[in-house]
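Structure first, commentary second.
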Amino acid sequence: MSDFPFDAVGFDLDGTLIDSFLDLGSAVNHALAQGGFDPVPVESSKDLIGGGAKIMLARAVEGQGGMPDDEFRALYNVMLGYYAQHNAVHTAPYPGAREVVAELARRGVRMAVVTNKFEEFARAILTALDFIAPFETVIGGDSMGKGSDGRYLSKPHPEPIIGARKRCGGGRFAFVGDSTYDVRAAREAGVPVIAGAYGYCDMAPGELGADAVIASLDELIPTLESL
């Protein structure tokens, strides 16, 4: 058995492994324009990312008076269509992301991506960035199916993290994220969680409730070793 404290590590995607807010914000604004709404500052999309694209758009629309559900669903589909074609224009891995993933792989650690982004989009972006190979599995917001309420089992539901742990062979598992969605899901799944203060945190990083907070991915491996 390796002396590294974890057999597998799961990563959130947006705001944790990749800096994607410019492409996400552009997709939101494209949809808003199609719906007759004013654009939002692209920088503000950082505050909306954690819950997934649908929540991002919904908050932007609600901030301008809202719209009927059926019209919102159509607008959401417009956003998805645009994002499918423009999801890796400005998006890039965070500094240190490739290096820390490579070092974990060298140590025999299995890795997973667990995101609220649709799996198809997550895989497409990681592929476009030539960054999908190190990961044992990619679990998106739609990967685990729907619950009895008809909603996808996405974070903060623990099922995606539980599923990632299983797909990585079980054993000692830790999760890395940047939002309350990540911390809540990890807590419910019973695994330790590290928060990336460099990401799109939806509250002060120290208030997320994670087991540790890192200022950059360079700090991840020493922090995992200290847990």
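Starting from 1 in every chain, residues are counted up; chains themselves are A, B, ... following the order of the structure tokens, and ligands are numbered from 1 as listed.
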Next item on the list: Please identify which residues in region 61-145 of chain A DSSP calls strand (DSSP E) from the backbone, and express them as number ranges by chain.
Entry: A: 92-93, 110-114, 137-139
Check: Which neighbours of region 202-204 of chain A fall inside 7 Å, counting only C-alpha atoms, when residues of the same chain fewer than 3 positions from it are skipped, and could you give them as a ChimeraX atom specification?
Finding: /A:47,179-180,207-208
Margin query: Restricting the calculation to only C-alpha atoms: of A:Val61, A:Leu224, A:Cys168, A:Val40, which residue gets closest to Met111 (chain A)?
Written below: A:Cys168
Using DSSP on the backbone coordinates, identify all residues within region 33-151 of chain A classified as alpha helix (DSSP H); present the result as a PDB file with N, CA and C atoms, in the first residue's frame.
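Output saved as part_12.pdb:
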ATOM      1  N   ALA A  33     -29.240  37.922 -24.306  1.00  0.00           N
ATOM      2  CA  ALA A  33     -29.518  38.785 -25.460  1.00  0.00           C
ATOM      3  C   ALA A  33     -30.648  38.210 -26.308  1.00  0.00           C
ATOM      4  N   GLN A  34     -30.639  36.896 -26.491  1.00  0.00           N
ATOM      5  CA  GLN A  34     -31.698  36.254 -27.270  1.00  0.00           C
ATOM      6  C   GLN A  34     -33.052  36.418 -26.589  1.00  0.00           C
ATOM      7  N   ALA A  53     -24.887  25.432 -14.994  1.00  0.00           N
ATOM      8  CA  ALA A  53     -25.276  26.437 -15.982  1.00  0.00           C
ATOM      9  C   ALA A  53     -26.721  26.891 -15.812  1.00  0.00           C
ATOM     10  N   LYS A  54     -27.604  25.982 -15.457  1.00  0.00           N
ATOM     11  CA  LYS A  54     -29.012  26.349 -15.344  1.00  0.00           C
ATOM     12  C   LYS A  54     -29.226  27.365 -14.234  1.00  0.00           C
ATOM     13  N   ILE A  55     -28.555  27.162 -13.111  1.00  0.00           N
ATOM     14  CA  ILE A  55     -28.677  28.102 -11.994  1.00  0.00           C
ATOM     15  C   ILE A  55     -28.044  29.434 -12.362  1.00  0.00           C
ATOM     16  N   MET A  56     -26.923  29.379 -13.099  1.00  0.00           N
ATOM     17  CA  MET A  56     -26.293  30.615 -13.550  1.00  0.00           C
ATOM     18  C   MET A  56     -27.276  31.467 -14.340  1.00  0.00           C
ATOM     19  N   LEU A  57     -27.906  30.854 -15.328  1.00  0.00           N
ATOM     20  CA  LEU A  57     -28.835  31.595 -16.175  1.00  0.00           C
ATOM     21  C   LEU A  57     -30.065  32.031 -15.391  1.00  0.00           C
ATOM     22  N   ALA A  58     -30.571  31.151 -14.542  1.00  0.00           N
ATOM     23  CA  ALA A  58     -31.771  31.476 -13.771  1.00  0.00           C
ATOM     24  C   ALA A  58     -31.556  32.690 -12.882  1.00  0.00           C
ATOM     25  N   ARG A  59     -30.405  32.763 -12.229  1.00  0.00           N
ATOM     26  CA  ARG A  59     -30.142  33.910 -11.361  1.00  0.00           C
ATOM     27  C   ARG A  59     -30.020  35.192 -12.166  1.00  0.00           C
ATOM     28  N   ALA A  60     -29.395  35.086 -13.334  1.00  0.00           N
ATOM     29  CA  ALA A  60     -29.259  36.271 -14.175  1.00  0.00           C
ATOM     30  C   ALA A  60     -30.628  36.759 -14.656  1.00  0.00           C
ATOM     31  N   VAL A  61     -31.500  35.826 -15.021  1.00  0.00           N
ATOM     32  CA  VAL A  61     -32.843  36.182 -15.484  1.00  0.00           C
ATOM     33  C   VAL A  61     -33.680  36.735 -14.335  1.00  0.00           C
ATOM     34  N   GLU A  62     -33.615  36.073 -13.195  1.00  0.00           N
ATOM     35  CA  GLU A  62     -34.393  36.521 -12.032  1.00  0.00           C
ATOM     36  C   GLU A  62     -33.988  37.921 -11.609  1.00  0.00           C
ATOM     37  N   ASP A  69     -41.767  29.749 -16.941  1.00  0.00           N
ATOM     38  CA  ASP A  69     -40.926  28.552 -16.962  1.00  0.00           C
ATOM     39  C   ASP A  69     -40.689  28.011 -18.367  1.00  0.00           C
ATOM     40  N   ASP A  70     -41.740  27.991 -19.186  1.00  0.00           N
ATOM     41  CA  ASP A  70     -41.558  27.421 -20.513  1.00  0.00           C
ATOM     42  C   ASP A  70     -40.616  28.273 -21.360  1.00  0.00           C
ATOM     43  N   GLU A  71     -40.697  29.588 -21.201  1.00  0.00           N
ATOM     44  CA  GLU A  71     -39.792  30.468 -21.931  1.00  0.00           C
ATOM     45  C   GLU A  71     -38.362  30.334 -21.406  1.00  0.00           C
ATOM     46  N   PHE A  72     -38.256  30.132 -20.094  1.00  0.00           N
ATOM     47  CA  PHE A  72     -36.911  29.950 -19.532  1.00  0.00           C
ATOM     48  C   PHE A  72     -36.280  28.661 -20.052  1.00  0.00           C
ATOM     49  N   ARG A  73     -37.041  27.591 -20.129  1.00  0.00           N
ATOM     50  CA  ARG A  73     -36.491  26.330 -20.647  1.00  0.00           C
ATOM     51  C   ARG A  73     -35.966  26.500 -22.075  1.00  0.00           C
ATOM     52  N   ALA A  74     -36.709  27.260 -22.891  1.00  0.00           N
ATOM     53  CA  ALA A  74     -36.265  27.503 -24.260  1.00  0.00           C
ATOM     54  C   ALA A  74     -34.976  28.322 -24.274  1.00  0.00           C
ATOM     55  N   LEU A  75     -34.896  29.306 -23.376  1.00  0.00           N
ATOM     56  CA  LEU A  75     -33.705  30.146 -23.304  1.00  0.00           C
ATOM     57  C   LEU A  75     -32.501  29.336 -22.802  1.00  0.00           C
ATOM     58  N   TYR A  76     -32.762  28.455 -21.861  1.00  0.00           N
ATOM     59  CA  TYR A  76     -31.706  27.575 -21.345  1.00  0.00           C
ATOM     60  C   TYR A  76     -31.149  26.703 -22.466  1.00  0.00           C
ATOM     61  N   ASN A  77     -32.013  26.203 -23.317  1.00  0.00           N
ATOM     62  CA  ASN A  77     -31.559  25.388 -24.447  1.00  0.00           C
ATOM     63  C   ASN A  77     -30.722  26.216 -25.431  1.00  0.00           C
ATOM     64  N   VAL A  78     -31.089  27.496 -25.583  1.00  0.00           N
ATOM     65  CA  VAL A  78     -30.274  28.388 -26.409  1.00  0.00           C
ATOM     66  C   VAL A  78     -28.866  28.510 -25.821  1.00  0.00           C
ATOM     67  N   MET A  79     -28.806  28.675 -24.503  1.00  0.00           N
ATOM     68  CA  MET A  79     -27.514  28.789 -23.832  1.00  0.00           C
ATOM     69  C   MET A  79     -26.680  27.524 -24.016  1.00  0.00           C
ATOM     70  N   LEU A  80     -27.317  26.371 -23.832  1.00  0.00           N
ATOM     71  CA  LEU A  80     -26.588  25.104 -23.976  1.00  0.00           C
ATOM     72  C   LEU A  80     -26.065  24.928 -25.397  1.00  0.00           C
ATOM     73  N   GLY A  81     -26.884  25.292 -26.376  1.00  0.00           N
ATOM     74  CA  GLY A  81     -26.464  25.171 -27.763  1.00  0.00           C
ATOM     75  C   GLY A  81     -25.250  26.039 -28.064  1.00  0.00           C
ATOM     76  N   TYR A  82     -25.268  27.251 -27.542  1.00  0.00           N
ATOM     77  CA  TYR A  82     -24.136  28.156 -27.743  1.00  0.00           C
ATOM     78  C   TYR A  82     -22.890  27.621 -27.028  1.00  0.00           C
ATOM     79  N   TYR A  83     -23.087  27.183 -25.792  1.00  0.00           N
ATOM     80  CA  TYR A  83     -21.941  26.716 -24.996  1.00  0.00           C
ATOM     81  C   TYR A  83     -21.318  25.463 -25.605  1.00  0.00           C
ATOM     82  N   ALA A  84     -22.134  24.625 -26.210  1.00  0.00           N
ATOM     83  CA  ALA A  84     -21.615  23.416 -26.845  1.00  0.00           C
ATOM     84  C   ALA A  84     -20.598  23.750 -27.937  1.00  0.00           C
ATOM     85  N   GLN A  85     -20.766  24.906 -28.564  1.00  0.00           N
ATOM     86  CA  GLN A  85     -19.882  25.310 -29.657  1.00  0.00           C
ATOM     87  C   GLN A  85     -18.757  26.250 -29.210  1.00  0.00           C
ATOM     88  N   ALA A  97      -2.272  22.931 -12.364  1.00  0.00           N
ATOM     89  CA  ALA A  97      -3.244  21.835 -12.454  1.00  0.00           C
ATOM     90  C   ALA A  97      -2.642  20.604 -13.128  1.00  0.00           C
ATOM     91  N   ARG A  98      -2.020  20.799 -14.270  1.00  0.00           N
ATOM     92  CA  ARG A  98      -1.447  19.649 -14.982  1.00  0.00           C
ATOM     93  C   ARG A  98      -0.347  18.992 -14.144  1.00  0.00           C
ATOM     94  N   GLU A  99       0.445  19.823 -13.498  1.00  0.00           N
ATOM     95  CA  GLU A  99       1.578  19.296 -12.735  1.00  0.00           C
ATOM     96  C   GLU A  99       1.122  18.495 -11.517  1.00  0.00           C
ATOM     97  N   VAL A 100       0.134  19.000 -10.787  1.00  0.00           N
ATOM     98  CA  VAL A 100      -0.306  18.286  -9.590  1.00  0.00           C
ATOM     99  C   VAL A 100      -1.019  16.990  -9.954  1.00  0.00           C
ATOM    100  N   VAL A 101      -1.774  17.009 -11.046  1.00  0.00           N
ATOM    101  CA  VAL A 101      -2.442  15.787 -11.501  1.00  0.00           C
ATOM    102  C   VAL A 101      -1.406  14.755 -11.945  1.00  0.00           C
ATOM    103  N   ALA A 102      -0.371  15.211 -12.649  1.00  0.00           N
ATOM    104  CA  ALA A 102       0.680  14.295 -13.080  1.00  0.00           C
ATOM    105  C   ALA A 102       1.419  13.696 -11.885  1.00  0.00           C
ATOM    106  N   GLU A 103       1.655  14.503 -10.870  1.00  0.00           N
ATOM    107  CA  GLU A 103       2.366  14.002  -9.690  1.00  0.00           C
ATOM    108  C   GLU A 103       1.511  13.002  -8.909  1.00  0.00           C
ATOM    109  N   LEU A 104       0.217  13.286  -8.804  1.00  0.00           N
ATOM    110  CA  LEU A 104      -0.672  12.319  -8.140  1.00  0.00           C
ATOM    111  C   LEU A 104      -0.690  11.000  -8.908  1.00  0.00           C
ATOM    112  N   ALA A 105      -0.752  11.094 -10.227  1.00  0.00           N
ATOM    113  CA  ALA A 105      -0.738   9.873 -11.036  1.00  0.00           C
ATOM    114  C   ALA A 105       0.573   9.114 -10.835  1.00  0.00           C
ATOM    115  N   ARG A 106       1.675   9.847 -10.758  1.00  0.00           N
ATOM    116  CA  ARG A 106       2.980   9.203 -10.542  1.00  0.00           C
ATOM    117  C   ARG A 106       3.005   8.447  -9.225  1.00  0.00           C
ATOM    118  N   GLU A 119     -22.080  15.900 -18.341  1.00  0.00           N
ATOM    119  CA  GLU A 119     -20.904  15.082 -18.609  1.00  0.00           C
ATOM    120  C   GLU A 119     -20.373  15.292 -20.026  1.00  0.00           C
ATOM    121  N   GLU A 120     -21.268  15.427 -20.973  1.00  0.00           N
ATOM    122  CA  GLU A 120     -20.846  15.619 -22.364  1.00  0.00           C
ATOM    123  C   GLU A 120     -19.976  16.862 -22.513  1.00  0.00           C
ATOM    124  N   PHE A 121     -20.387  17.955 -21.857  1.00  0.00           N
ATOM    125  CA  PHE A 121     -19.608  19.186 -21.918  1.00  0.00           C
ATOM    126  C   PHE A 121     -18.266  19.022 -21.204  1.00  0.00           C
ATOM    127  N   ALA A 122     -18.308  18.407 -20.023  1.00  0.00           N
ATOM    128  CA  ALA A 122     -17.073  18.228 -19.255  1.00  0.00           C
ATOM    129  C   ALA A 122     -16.047  17.424 -20.037  1.00  0.00           C
ATOM    130  N   ARG A 123     -16.503  16.338 -20.631  1.00  0.00           N
ATOM    131  CA  ARG A 123     -15.587  15.509 -21.422  1.00  0.00           C
ATOM    132  C   ARG A 123     -15.066  16.261 -22.648  1.00  0.00           C
ATOM    133  N   ALA A 124     -15.930  17.028 -23.291  1.00  0.00           N
ATOM    134  CA  ALA A 124     -15.519  17.781 -24.480  1.00  0.00           C
ATOM    135  C   ALA A 124     -14.457  18.812 -24.130  1.00  0.00           C
ATOM    136  N   ILE A 125     -14.643  19.506 -23.017  1.00  0.00           N
ATOM    137  CA  ILE A 125     -13.685  20.532 -22.618  1.00  0.00           C
ATOM    138  C   ILE A 125     -12.351  19.909 -22.216  1.00  0.00           C
ATOM    139  N   LEU A 126     -12.397  18.873 -21.401  1.00  0.00           N
ATOM    140  CA  LEU A 126     -11.161  18.206 -20.992  1.00  0.00           C
ATOM    141  C   LEU A 126     -10.423  17.629 -22.198  1.00  0.00           C
ATOM    142  N   THR A 127     -11.176  17.131 -23.156  1.00  0.00           N
ATOM    143  CA  THR A 127     -10.557  16.605 -24.373  1.00  0.00           C
ATOM    144  C   THR A 127      -9.918  17.726 -25.182  1.00  0.00           C
ATOM    145  N   ALA A 128     -10.632  18.843 -25.333  1.00  0.00           N
ATOM    146  CA  ALA A 128     -10.098  19.984 -26.080  1.00  0.00           C
ATOM    147  C   ALA A 128      -8.833  20.533 -25.437  1.00  0.00           C
TER     148      ALA A 128
END
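Pairwise distance (CA of Asp7 (chain A), CA of Arg165 (chain A)) equals 9.5 Å.
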Item checked: Neighbour list for region 18-28 of chain A as a ChimeraX atom specification, cut-off 7 Å, only C-alpha atoms, skip fewer than 2 positions in-chain -> /A:13-16,30-32,42,45-46,57,79,82-83,86-94
Note to self: Need the shell around Pro158 (chain A): protein/DNA/RNA residues with any atom at most 9 Å away, counting only C-alpha atoms. Skip same-chain ones fewer than 4 positions apart. Format as a PyMOL selection string?
What the structure shows: chain A and resi 153-154+162-163+184-190
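Here the question is which of A:Leu220, A:Val113, A:Glu225, A:Gly177 gets nearest to Pro205 (chain A) using only C-alpha atoms, and that residue is A:Gly177.
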Margin query: Counting only C-alpha atoms, which residue out of A:Cys201, A:Gly66, A:His157, A:Asp149 sits closest to Ala215 (chain A)?
Written below: A:Cys201
Item checked: Distance of CA of Gly206 (chain A) from CA of Pro5 (chain A), expressed in Å to one decimal place -> 23.2 Å
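For the atom pair formed by CA of Val193 (chain A) and CA of Asp130 (chain A), the distance is 26.1 Å, given to one decimal.
Distance annotation: of A:Gly199, A:Pro95, A:Gly169, A:Gly63, the residue with the minimal separation from Asp218 (chain A) is A:Pro95; atom set is only C-alpha atoms.
With only C-alpha atoms as the atoms that count, the residue of A:Ala8, A:Val138, A:Val183, A:Ala133 with the shortest distance to Val213 (chain A) is A:Val183.
Distances from A:Ile161, A:Val9, A:Ile221, A:Ala212 to Ile194 (chain A) were compared using only C-alpha atoms, and the smallest one belongs to A:Ala212.
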